[in-house]
Amino acid sequence: MIIDDFQAFDHYLGLNPLFPAVAEFLRQTDLNSLPTGITKIQGDDLFINVQEAPVKTRREARFETHRRMIDIQVPIGGAEEYGWAPIGALPATTYDEASDMCFHDPAALQTPEDVAATYFTLTPGQFAIFFPQDGHAPAITPTGLRKAIIKVKA
């Protein structure tokens, strides 16, 4: 996991061959002007999904992981809190190949509050990069918010 300000994104360009295209997209695009939903940048290998996230507490948040894609999560309209834990600390779950998503069972004895190694808050102008080994519980917000998730092929 990486947490930083957008001004520093160029420091991470060598981590993935698609990160330079992400940097160029971010330089040329006002995220506030993007419509809700998916905007393709480079087909299925690189796209952005703009969402409206409802009010959610830490206890309501669900940990997720991905196998094929890296998430670059960006709050657009307000602060967003995240839980983070290494994938090995999360309860076992079923992987959905079509959505590249593992939602870790919210009914399991371990809740995000039990397993989160770290909680942190991002504000607009900041980002978090979650790699396949990073369990993350996104969109913890007392007011709801608009956010963007840049999906990058791992």
# chains A, B, ... in the order shown; residues from 1 in each chain; ligands from 1
call {"tool": "residues_around", "arguments": {"residues": "stretch 50-57 of chain A", "least_positions_apart": "5", "cutoff": "6 Å", "atoms": "only C-alpha atoms", "output": "mmCIF file with N, CA and C atoms, in the first residue's frame"}}
result
data_model
loop_
_atom_site.group_PDB
_atom_site.id
_atom_site.type_symbol
_atom_site.label_atom_id
_atom_site.label_comp_id
_atom_site.auth_asym_id
_atom_site.auth_seq_id
_atom_site.Cartn_x
_atom_site.Cartn_y
_atom_site.Cartn_z
ATOM 1 N N THR A 36 -20.365 9.974 -13.174
ATOM 2 C CA THR A 36 -20.419 8.769 -12.363
ATOM 3 C C THR A 36 -20.389 7.568 -13.303
ATOM 4 N N GLY A 37 -19.636 6.546 -12.903
ATOM 5 C CA GLY A 37 -19.516 5.347 -13.725
ATOM 6 C C GLY A 37 -18.107 5.195 -14.259
ATOM 7 N N ILE A 140 -15.290 4.607 4.194
ATOM 8 C CA ILE A 140 -15.785 4.860 5.540
ATOM 9 C C ILE A 140 -15.946 6.373 5.646
ATOM 10 N N THR A 141 -17.183 6.817 5.789
ATOM 11 C CA THR A 141 -17.462 8.258 5.749
ATOM 12 C C THR A 141 -18.730 8.570 6.542
ATOM 13 N N PRO A 142 -18.700 9.613 7.370
ATOM 14 C CA PRO A 142 -19.899 9.965 8.136
ATOM 15 C C PRO A 142 -20.920 10.756 7.316
ATOM 16 N N THR A 143 -20.520 11.223 6.129
ATOM 17 C CA THR A 143 -21.408 12.099 5.356
ATOM 18 C C THR A 143 -21.698 11.601 3.947
ATOM 19 N N GLY A 144 -21.016 10.556 3.490
ATOM 20 C CA GLY A 144 -21.093 10.170 2.083
ATOM 21 C C GLY A 144 -20.091 11.002 1.308
ATOM 22 N N LEU A 145 -19.683 10.516 0.145
ATOM 23 C CA LEU A 145 -18.728 11.275 -0.647
ATOM 24 C C LEU A 145 -18.687 10.783 -2.079
ATOM 25 N N ARG A 146 -18.111 11.586 -2.927
ATOM 26 C CA ARG A 146 -17.833 11.234 -4.320
ATOM 27 C C ARG A 146 -16.372 10.806 -4.369
ATOM 28 N N LYS A 147 -16.109 9.707 -5.067
ATOM 29 C CA LYS A 147 -14.742 9.184 -5.105
ATOM 30 C C LYS A 147 -14.462 8.578 -6.468
ATOM 31 N N ALA A 148 -13.163 8.385 -6.734
ATOM 32 C CA ALA A 148 -12.734 7.740 -7.973
ATOM 33 C C ALA A 148 -11.842 6.566 -7.609
#
call {"tool": "residues_around", "arguments": {"residues": "stretch 91-102 of chain A", "least_positions_apart": "6", "cutoff": "6 Å", "atoms": "only C-alpha atoms", "output": "number ranges by chain"}}
result
A: 64-66
call {"tool": "select_by_dssp", "arguments": {"residues": "chain A", "states": "strand (DSSP E or B)", "output": "PyMOL selection string"}}
result
chain A and resi 2-5+37-42+44+46-53+56+64-65+69-75+80-86+96+101-103+118-122+126-130+134-141+145-153
call {"tool": "select_by_dssp", "arguments": {"residues": "stretch 16-108 of chain A", "states": "alpha helix (DSSP H)", "output": "PyMOL selection string"}}
result
chain A and resi 19-28
call {"tool": "closest_residue", "arguments": {"among": "A:Ala154, A:Ala8, A:Ala79, A:Ala61", "to": "A:Phe130", "atoms": "only C-alpha atoms"}}
result
A:Ala154
call {"tool": "residues_around", "arguments": {"residues": "A:Ile70", "least_positions_apart": "3", "cutoff": "7 Å", "atoms": "only C-alpha atoms", "output": "list in words"}}
result
Phe130, Phe131, Pro132, Lys151, Val152, Lys153 and Ala154 of chain A
call {"tool": "atom_distance", "arguments": {"atom1": "atom CA of A:Ala23", "atom2": "atom CA of A:His11"}}
result
10.3 Å
call {"tool": "atom_distance", "arguments": {"atom1": "atom CA of A:Phe6", "atom2": "atom CA of A:Ala128"}}
result
9.9 Å
call {"tool": "closest_residue", "arguments": {"among": "A:Asp4, A:Asp10, A:Asp134, A:Glu24", "to": "A:Leu90", "atoms": "only C-alpha atoms"}}
result
A:Asp134
call {"tool": "closest_residue", "arguments": {"among": "A:Met69, A:Ala139, A:Ala89, A:Leu15", "to": "A:Leu122", "atoms": "only C-alpha atoms"}}
result
A:Ala139
call {"tool": "atom_distance", "arguments": {"atom1": "atom CA of A:His136", "atom2": "atom CA of A:Phe47"}}
result
19.3 Å
call {"tool": "decode", "arguments": {"residues": "stretch 52-110 of chain A", "atoms": "C-alpha atoms", "output": "compact mmCIF listing (two decimals), in the first residue's frame"}}
result
# COMPACT_ATOMS: atom_id res chain seq x y z
CA GLU A 52 -21.07 8.11 -4.95
CA ALA A 53 -20.30 6.40 -1.64
CA PRO A 54 -23.03 6.46 1.04
CA VAL A 55 -22.53 6.94 4.77
CA LYS A 56 -20.62 3.94 6.19
CA THR A 57 -19.09 3.17 9.59
CA ARG A 58 -15.98 1.10 10.26
CA ARG A 59 -18.17 -1.80 11.37
CA GLU A 60 -20.22 -1.63 8.15
CA ALA A 61 -17.18 -1.50 5.89
CA ARG A 62 -16.21 -4.74 4.14
CA PHE A 63 -12.68 -5.70 3.35
CA GLU A 64 -12.02 -6.39 -0.30
CA THR A 65 -9.06 -7.66 -2.29
CA HIS A 66 -8.35 -8.04 -6.01
CA ARG A 67 -6.10 -10.44 -7.88
CA ARG A 68 -5.77 -8.91 -11.37
CA MET A 69 -6.07 -5.20 -10.70
CA ILE A 70 -4.44 -2.52 -8.56
CA ASP A 71 -6.76 0.08 -7.02
CA ILE A 72 -5.74 3.70 -6.88
CA GLN A 73 -8.41 5.19 -4.64
CA VAL A 74 -9.02 8.94 -4.74
CA PRO A 75 -11.55 10.90 -2.69
CA ILE A 76 -13.04 13.70 -4.80
CA GLY A 77 -15.70 15.33 -2.64
CA GLY A 78 -14.74 14.96 0.99
CA ALA A 79 -12.58 12.94 3.33
CA GLU A 80 -12.59 9.15 3.15
CA GLU A 81 -11.35 6.73 5.80
CA TYR A 82 -9.93 3.31 4.91
CA GLY A 83 -9.04 0.21 6.84
CA TRP A 84 -5.98 -1.76 5.72
CA ALA A 85 -4.78 -5.25 6.57
CA PRO A 86 -2.50 -7.73 4.82
CA ILE A 87 -4.47 -10.30 2.85
CA GLY A 88 -3.28 -13.09 5.14
CA ALA A 89 -5.04 -11.50 8.12
CA LEU A 90 -8.45 -11.50 6.43
CA PRO A 91 -11.12 -14.19 6.78
CA ALA A 92 -11.23 -16.67 3.89
CA THR A 93 -13.64 -15.85 1.08
CA THR A 94 -14.66 -16.79 -2.45
CA TYR A 95 -13.07 -15.03 -5.40
CA ASP A 96 -15.37 -13.70 -8.16
CA GLU A 97 -13.34 -13.93 -11.38
CA ALA A 98 -15.76 -11.75 -13.40
CA SER A 99 -15.49 -8.78 -11.04
CA ASP A 100 -11.94 -9.52 -9.81
CA MET A 101 -13.32 -9.16 -6.31
CA CYS A 102 -13.06 -10.92 -3.00
CA PHE A 103 -15.47 -9.47 -0.45
CA HIS A 104 -14.52 -10.84 2.91
CA ASP A 105 -17.58 -12.12 4.76
CA PRO A 106 -19.17 -9.37 6.88
CA ALA A 107 -20.89 -12.04 9.00
CA ALA A 108 -17.56 -13.64 9.93
CA LEU A 109 -16.44 -13.41 13.53
CA GLN A 110 -13.67 -11.05 12.44
